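Participant: Pasting data10.cif here (mmCIF, C-alpha atoms):
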```cif
data_data
#
loop_
_atom_site.label_atom_id
_atom_site.label_comp_id
_atom_site.auth_asym_id
_atom_site.auth_seq_id
_atom_site.Cartn_x
_atom_site.Cartn_y
_atom_site.Cartn_z
CA MET F 1 -26.67 52.45 27.13
CA ILE F 2 -29.38 50.41 25.44
CA ASN F 3 -27.96 49.43 22.09
CA LEU F 4 -28.31 46.42 19.86
CA PRO F 5 -25.25 44.43 21.07
CA SER F 6 -26.27 44.70 24.73
CA ILE F 7 -29.86 43.67 23.96
CA ILE F 8 -28.47 40.62 22.12
CA PHE F 9 -26.05 39.94 24.96
CA TYR F 10 -28.72 39.98 27.68
CA THR F 11 -31.14 37.89 25.62
CA PHE F 12 -28.44 35.30 24.96
CA SER F 13 -27.40 35.34 28.63
CA VAL F 14 -30.92 34.64 29.86
CA LEU F 15 -31.27 31.84 27.29
CA ALA F 16 -27.88 30.29 28.11
CA ILE F 17 -28.31 30.37 31.90
CA GLY F 18 -31.90 29.15 31.75
CA MET F 19 -31.08 26.21 29.52
CA ALA F 20 -27.95 25.41 31.56
CA ILE F 21 -30.14 25.18 34.68
CA VAL F 22 -32.44 22.80 32.79
CA VAL F 23 -29.36 20.71 31.88
CA VAL F 24 -28.37 20.15 35.51
CA THR F 25 -31.85 19.86 37.05
CA SER F 26 -33.99 18.01 34.52
CA ARG F 27 -35.20 14.58 35.60
CA ASN F 28 -35.24 13.28 32.03
CA VAL F 29 -31.72 12.92 30.61
CA PHE F 30 -33.04 13.35 27.07
CA HIS F 31 -34.42 16.78 28.00
CA SER F 32 -31.02 17.62 29.52
CA ALA F 33 -29.34 16.72 26.25
CA MET F 34 -31.73 18.89 24.23
CA ALA F 35 -31.21 21.82 26.62
CA LEU F 36 -27.44 21.34 26.35
CA THR F 37 -27.75 21.49 22.56
CA GLY F 38 -29.53 24.82 22.92
CA THR F 39 -26.91 26.13 25.34
CA LEU F 40 -24.10 25.22 22.95
CA GLY F 41 -25.91 26.98 20.11
CA VAL F 42 -26.25 30.12 22.24
CA VAL F 43 -22.53 29.92 23.06
CA ALA F 44 -21.91 29.93 19.29
CA GLY F 45 -23.95 33.14 19.24
CA PHE F 46 -21.65 34.61 21.92
CA PHE F 47 -18.63 33.72 19.78
CA ALA F 48 -20.22 35.56 16.84
CA LEU F 49 -20.92 38.53 19.12
CA LEU F 50 -17.21 38.57 20.05
CA GLY F 51 -16.11 38.66 16.41
CA ALA F 52 -15.03 35.02 16.23
CA ASP F 53 -16.95 33.90 13.15
CA PHE F 54 -14.85 30.80 12.42
CA LEU F 55 -15.23 29.61 16.03
CA ALA F 56 -19.00 30.14 15.93
CA ALA F 57 -19.22 27.97 12.81
CA SER F 58 -16.97 25.25 14.22
CA GLN F 59 -18.87 25.31 17.53
CA VAL F 60 -22.09 24.53 15.66
CA LEU F 61 -20.40 21.93 13.44
CA ILE F 62 -18.45 20.06 16.14
CA TYR F 63 -20.51 20.49 19.31
CA VAL F 64 -24.09 20.70 18.08
CA GLY F 65 -23.56 18.52 15.02
CA GLY F 66 -21.09 16.01 16.41
CA ILE F 67 -20.79 15.68 20.17
CA MET F 68 -24.48 16.13 20.89
CA ILE F 69 -25.47 13.52 18.30
CA ILE F 70 -23.18 10.95 19.96
CA MET F 71 -24.52 11.96 23.36
CA LEU F 72 -28.13 11.53 22.21
CA PHE F 73 -27.25 8.10 20.79
CA VAL F 74 -25.78 7.01 24.14
CA VAL F 75 -28.73 8.49 26.07
CA MET F 76 -31.18 6.53 23.94
CA LEU F 77 -29.10 3.33 24.14
CA SER F 78 -28.82 3.43 27.94
CA GLN F 79 -32.34 4.39 29.06
CA GLN F 80 -34.40 2.08 31.20
CA PRO F 81 -38.14 2.52 31.82
CA PHE F 82 -37.80 3.10 35.57
CA ASP F 83 -35.27 5.92 35.08
CA ALA F 84 -38.09 8.45 34.78
CA LEU F 85 -39.30 7.56 38.27
CA GLN F 86 -35.96 7.88 40.05
CA ARG F 87 -34.57 11.07 41.49
CA GLN F 88 -31.62 12.29 39.45
CA THR F 89 -29.66 14.13 42.12
CA ASN F 90 -27.79 12.63 45.03
CA THR F 91 -28.31 13.54 48.67
CA GLN F 92 -25.62 16.24 48.64
CA TRP F 93 -27.53 18.73 46.49
CA LEU F 94 -27.69 21.42 49.19
CA TYR F 95 -23.92 21.40 49.62
CA GLY F 96 -23.60 21.34 45.84
CA ILE F 97 -25.66 24.53 45.58
CA LEU F 98 -23.63 26.18 48.33
CA PHE F 99 -20.31 25.22 46.75
CA ALA F 100 -21.38 26.36 43.27
CA ALA F 101 -22.67 29.66 44.67
CA ALA F 102 -19.39 30.20 46.53
CA VAL F 103 -17.38 29.53 43.35
CA ALA F 104 -19.56 31.89 41.29
CA ALA F 105 -19.45 34.64 43.92
CA SER F 106 -15.69 34.49 44.36
CA LEU F 107 -15.03 34.38 40.59
CA ILE F 108 -17.33 37.34 39.88
CA ARG F 109 -15.90 39.28 42.83
CA SER F 110 -12.29 38.78 41.75
CA PHE F 111 -13.11 39.61 38.11
CA ARG F 112 -14.85 42.79 39.26
CA ASP F 113 -11.77 44.00 41.08
CA VAL F 114 -9.45 43.49 38.12
CA TYR F 115 -11.38 43.78 34.84
CA ARG F 116 -14.26 46.13 35.54
CA GLY F 117 -14.72 48.76 32.83
CA VAL F 118 -12.46 47.21 30.19
CA ALA F 119 -14.28 48.19 27.02
CA ALA F 120 -13.65 47.01 23.49
CA VAL F 121 -11.12 48.77 21.31
CA ALA F 122 -13.12 50.08 18.38
CA THR F 123 -12.05 47.96 15.43
CA ASP F 124 -13.85 46.74 12.35
CA THR F 125 -15.00 43.14 12.48
CA VAL F 126 -13.00 41.20 9.92
CA PRO F 127 -13.24 37.52 8.91
CA THR F 128 -10.91 35.43 11.06
CA SER F 129 -10.66 32.24 9.00
CA ALA F 130 -7.51 33.16 7.07
CA PRO F 131 -5.56 34.50 10.12
CA ILE F 132 -6.53 31.42 12.18
CA GLY F 133 -5.32 29.15 9.37
CA ARG F 134 -1.99 30.99 9.24
CA LEU F 135 -1.73 30.82 13.05
CA LEU F 136 -2.47 27.08 13.18
CA LEU F 137 0.07 26.20 10.50
CA GLY F 138 2.60 28.75 11.71
CA ASP F 139 3.15 29.57 15.36
CA MET F 140 0.82 26.84 16.65
CA LEU F 141 2.18 24.06 14.44
CA VAL F 142 3.52 21.86 17.26
CA PRO F 143 0.27 21.74 19.31
CA PHE F 144 -1.63 21.30 16.03
CA GLU F 145 0.32 18.13 15.26
CA ALA F 146 0.10 16.96 18.88
CA VAL F 147 -3.68 17.30 18.84
CA SER F 148 -3.87 15.14 15.73
CA LEU F 149 -2.03 12.43 17.69
CA VAL F 150 -4.55 12.83 20.54
CA LEU F 151 -7.43 12.45 18.07
CA LEU F 152 -5.88 9.26 16.70
CA ALA F 153 -5.53 7.89 20.25
CA ALA F 154 -9.16 8.81 21.01
CA LEU F 155 -10.27 7.03 17.82
CA VAL F 156 -8.43 3.85 18.78
CA GLY F 157 -9.68 4.10 22.36
CA ALA F 158 -13.30 4.50 21.27
CA VAL F 159 -13.02 1.43 19.03
CA VAL F 160 -11.35 -0.65 21.77
CA PHE F 161 -13.80 0.31 24.52
CA GLY F 162 -16.81 0.23 22.23
CA GLN F 163 -16.44 -3.29 20.91
CA ASP F 164 -18.36 -6.13 22.48
CA ARG F 165 -15.85 -8.73 23.66
CA LYS F 166 -18.33 -11.60 23.68
CA ALA F 167 -19.67 -10.75 20.24
CA ALA F 168 -16.14 -10.51 18.81
CA LYS F 169 -15.29 -14.12 19.65
CA MET V 1 -21.24 45.41 27.31
CA THR V 2 -17.74 45.20 28.73
CA LEU V 3 -15.29 42.39 29.39
CA TYR V 4 -16.72 42.08 32.91
CA HIS V 5 -20.15 41.13 31.54
CA PHE V 6 -18.74 38.16 29.65
CA LEU V 7 -16.58 37.08 32.60
CA ALA V 8 -19.56 37.17 34.97
CA LEU V 9 -21.69 35.18 32.51
CA SER V 10 -19.04 32.50 32.10
CA ALA V 11 -18.54 32.33 35.89
CA VAL V 12 -22.26 31.64 36.32
CA LEU V 13 -22.23 28.97 33.58
CA PHE V 14 -19.12 27.38 35.12
CA SER V 15 -20.68 27.15 38.58
CA ILE V 16 -23.88 25.66 37.14
CA GLY V 17 -21.61 23.02 35.58
CA ILE V 18 -19.89 22.45 38.93
CA TYR V 19 -23.28 21.95 40.59
CA GLY V 20 -24.19 19.40 37.92
CA VAL V 21 -20.93 17.46 38.33
CA LEU V 22 -21.36 17.37 42.11
CA THR V 23 -25.01 16.33 42.23
CA ARG V 24 -26.07 14.38 39.14
CA ARG V 25 -26.41 10.65 39.70
CA ASN V 26 -26.43 9.84 36.00
CA VAL V 27 -22.97 9.60 34.42
CA LEU V 28 -24.32 11.09 31.19
CA GLY V 29 -25.54 14.09 33.16
CA ILE V 30 -22.08 14.49 34.66
CA LEU V 31 -20.51 14.42 31.17
CA MET V 32 -22.99 17.06 29.98
CA SER V 33 -22.12 19.29 32.95
CA ILE V 34 -18.43 18.94 32.06
CA GLU V 35 -19.24 20.13 28.52
CA LEU V 36 -20.98 23.14 30.10
CA MET V 37 -17.81 23.98 32.03
CA PHE V 38 -15.69 23.64 28.87
CA ASN V 39 -17.95 26.15 27.15
CA ALA V 40 -17.76 28.63 30.01
CA ALA V 41 -13.96 28.52 29.76
CA ASN V 42 -14.16 28.98 25.99
CA ILE V 43 -16.30 32.12 26.35
CA ASN V 44 -13.65 33.43 28.77
CA LEU V 45 -10.81 32.79 26.31
CA VAL V 46 -12.58 34.42 23.37
CA ALA V 47 -13.62 37.41 25.49
CA PHE V 48 -10.06 37.98 26.74
CA ASN V 49 -8.84 37.72 23.14
CA TYR V 50 -11.41 40.23 21.90
CA TYR V 51 -11.04 42.81 24.67
CA LEU V 52 -7.39 42.64 25.73
CA HIS V 53 -5.47 41.44 22.64
CA PRO V 54 -7.53 42.20 19.53
CA GLU V 55 -4.39 42.38 17.38
CA ASN V 56 -3.76 38.64 17.38
CA LEU V 57 -5.82 35.46 17.58
CA TRP V 58 -4.07 33.21 20.10
CA GLY V 59 -7.15 32.96 22.31
CA GLN V 60 -9.30 31.77 19.44
CA GLY V 61 -6.68 29.24 18.35
CA PHE V 62 -6.57 27.93 21.90
CA VAL V 63 -10.37 27.56 21.90
CA LEU V 64 -10.09 25.43 18.75
CA PHE V 65 -7.77 23.05 20.63
CA VAL V 66 -10.14 22.98 23.62
CA ILE V 67 -13.06 22.08 21.32
CA THR V 68 -10.99 19.32 19.70
CA LEU V 69 -9.96 17.84 23.04
CA ALA V 70 -13.55 18.08 24.31
CA ALA V 71 -14.67 16.08 21.30
CA ALA V 72 -12.01 13.42 21.98
CA GLU V 73 -12.97 13.34 25.68
CA ALA V 74 -16.67 12.97 24.88
CA VAL V 75 -16.09 10.13 22.42
CA VAL V 76 -13.89 8.10 24.79
CA GLY V 77 -16.08 8.90 27.81
CA LEU V 78 -19.29 7.90 26.09
CA SER V 79 -17.87 4.63 24.79
CA LEU V 80 -16.68 3.88 28.35
CA VAL V 81 -20.20 4.62 29.63
CA LEU V 82 -21.65 2.23 27.07
CA ALA V 83 -19.10 -0.47 27.97
CA ILE V 84 -19.97 -0.11 31.68
CA TYR V 85 -23.69 -0.12 30.87
CA ARG V 86 -23.31 -3.40 29.01
CA ASN V 87 -21.74 -4.95 32.11
CA ILE V 88 -23.79 -3.65 35.04
CA LYS V 89 -26.98 -2.44 33.26
CA SER V 90 -26.90 0.92 35.03
CA VAL V 91 -25.68 4.44 34.29
CA TYR V 92 -25.82 5.69 37.88
CA ALA V 93 -22.53 6.65 39.46
CA GLU V 94 -23.19 4.98 42.83
CA ASN V 95 -23.66 1.58 41.16
CA MET V 96 -20.23 1.69 39.52
CA ASN V 97 -18.44 0.10 42.47
CA ILE V 98 -17.15 -3.17 41.01
CA LEU V 99 -13.58 -2.21 42.03
CA HIS V 100 -14.38 -1.64 45.72
CA GLY V 101 -13.15 -5.05 46.82
#
```
Before we go any further, please render this structure as structure tokens.

Facilitator:
Amino acid sequence: MINLPSIIFYTFSVLAIGMAIVVVTSRNVFHSAMALTGTLGVVAGFFALLGADFLAASQVLIYVGGIMIIMLFVVMLSQQPFDALQRQTNTQWLYGILFAAAVAASLIRSFRDVYRGVAAVATDTVPTSAPIGRLLLGDMLVPFEAVSLVLLAALVGAVVFGQDRKAAK
Amino acid sequence: MTLYHFLALSAVLFSIGIYGVLTRRNVLGILMSIELMFNAANINLVAFNYYLHPENLWGQGFVLFVITLAAAEAVVGLSLVLAIYRNIKSVYAENMNILHG
């Protein structure tokens, strides 16, 4: 069963897992941020592979274009020269590996028992922007308005925490 | 390429994120690992939507809310990191102990 979607899937998987490992192991935080940008872009590719074109576009716009830019700003504002010489993991890394491996093994095992062999229903891929818009302003209207309140609170919180008290006086 | 493939992939990404949260010393690294875990959960939601309920889009709408809340979390978290950095000149988690009495 070598076909184009599975070739794309395995290529994207290798890219995503490899760059995610760079994110958690790299000594230089800037390299971690660049690898995370790549991982988020590959996740947008997975969304496109799953027929979610609007989500793929908003993943690139919000994550890669927004969140990662802020993160790179903070990384560059908070670097010190001796950071490159210090080890970036704490002394519990062995237990961290064991715990993460246990979580991955148990998740994959339980998914295998329940969802193995669920294949896609053969449908044509259609643009999802218009149905998502109707869903957001129809059935999901209450959480849509609530999330706008959360965004307002985050905006105010970022301004309050970000201002320099001494400089303001 | 079945639903199980996507679930296994997102489980691996999620546990890599857990490893990062548990072991990174840098607070920025911890925030990046949290973003990794958010994305693993998003892949799960979209895959369940595509394979189990292709007739409606509730999974994708939910992912939009998760992305929005992740953006809000990142903005507030990063401004907190900058505020702490201005005070103690360090971004390492073990140095953030000014409340320990």

Participant: Find the residues near range 41-43 of chain V: any atom within 12 Å, counting only C-alpha atoms, skip ones fewer than 4 places away on the same chain, and give them as a PyMOL selection string.

Facilitator: (chain F and resi 13+16+40+42-52+55-56+59) or (chain V and resi 3-15+17+34-37+47-50+59-68+70)

Participant: Apply the PyMOL selection byres ((chain F) within 6 of (chain V)) to the displayed file and report the matching residues as a ChimeraX atom specification.

Facilitator: /F:6,24,88-90,93,96,100,104,108,115-116,118-120,154,158,161-162

Participant: Keeping only C-alpha atoms, write the selected residues to a file as a PDB file, keeping the file's coordinate frame.

Facilitator:
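And here is the file that came out, result16.pdb:
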```pdb
ATOM      1  CA  SER F   6     -26.270  44.700  24.730  1.00  0.00           C
ATOM      2  CA  VAL F  24     -28.370  20.150  35.510  1.00  0.00           C
ATOM      3  CA  GLN F  88     -31.620  12.290  39.450  1.00  0.00           C
ATOM      4  CA  THR F  89     -29.660  14.130  42.120  1.00  0.00           C
ATOM      5  CA  ASN F  90     -27.790  12.630  45.030  1.00  0.00           C
ATOM      6  CA  TRP F  93     -27.530  18.730  46.490  1.00  0.00           C
ATOM      7  CA  GLY F  96     -23.600  21.340  45.840  1.00  0.00           C
ATOM      8  CA  ALA F 100     -21.380  26.360  43.270  1.00  0.00           C
ATOM      9  CA  ALA F 104     -19.560  31.890  41.290  1.00  0.00           C
ATOM     10  CA  ILE F 108     -17.330  37.340  39.880  1.00  0.00           C
ATOM     11  CA  TYR F 115     -11.380  43.780  34.840  1.00  0.00           C
ATOM     12  CA  ARG F 116     -14.260  46.130  35.540  1.00  0.00           C
ATOM     13  CA  VAL F 118     -12.460  47.210  30.190  1.00  0.00           C
ATOM     14  CA  ALA F 119     -14.280  48.190  27.020  1.00  0.00           C
ATOM     15  CA  ALA F 120     -13.650  47.010  23.490  1.00  0.00           C
ATOM     16  CA  ALA F 154      -9.160   8.810  21.010  1.00  0.00           C
ATOM     17  CA  ALA F 158     -13.300   4.500  21.270  1.00  0.00           C
ATOM     18  CA  PHE F 161     -13.800   0.310  24.520  1.00  0.00           C
ATOM     19  CA  GLY F 162     -16.810   0.230  22.230  1.00  0.00           C
TER      20      GLY F 162
END
```

Participant: Box along x, y and z, 5 Å on every side, all listed atoms of range 14-23 of chain F inside: centre and edge lengths in Å to one decimal, as JSON.

Facilitator:
```
{"center_x": -30.2, "center_y": 27.7, "center_z": 31.0, "size_x": 14.6, "size_y": 23.9, "size_z": 17.4}
```

Participant: Between CA of Phe9 in chain F and CA of Tyr63 in chain F, what distance in Å does the model show, to one decimal?

Facilitator: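 According to the coordinates, CA of Phe9 in chain F and CA of Tyr63 in chain F are separated by 21.0 Å.
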
Participant: Translate the PyMOL selection byres ((chain F and resi 32-36) around 7), as applied to the file shown, into an explicit residue set as number ranges by chain.

Facilitator: F: 19-20, 22-23, 26, 28-31, 37-40, 72

Participant: Interatomic distance between CA of Glu145 in chain F and CA of Leu45 in chain V?

Facilitator: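 Result for CA of Glu145 in chain F versus CA of Leu45 in chain V: 21.5 Å, one decimal.
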
Participant: How many Å separate CA of Ser129 in chain F from CA of Ile17 in chain F?

Facilitator: 29.0 Å
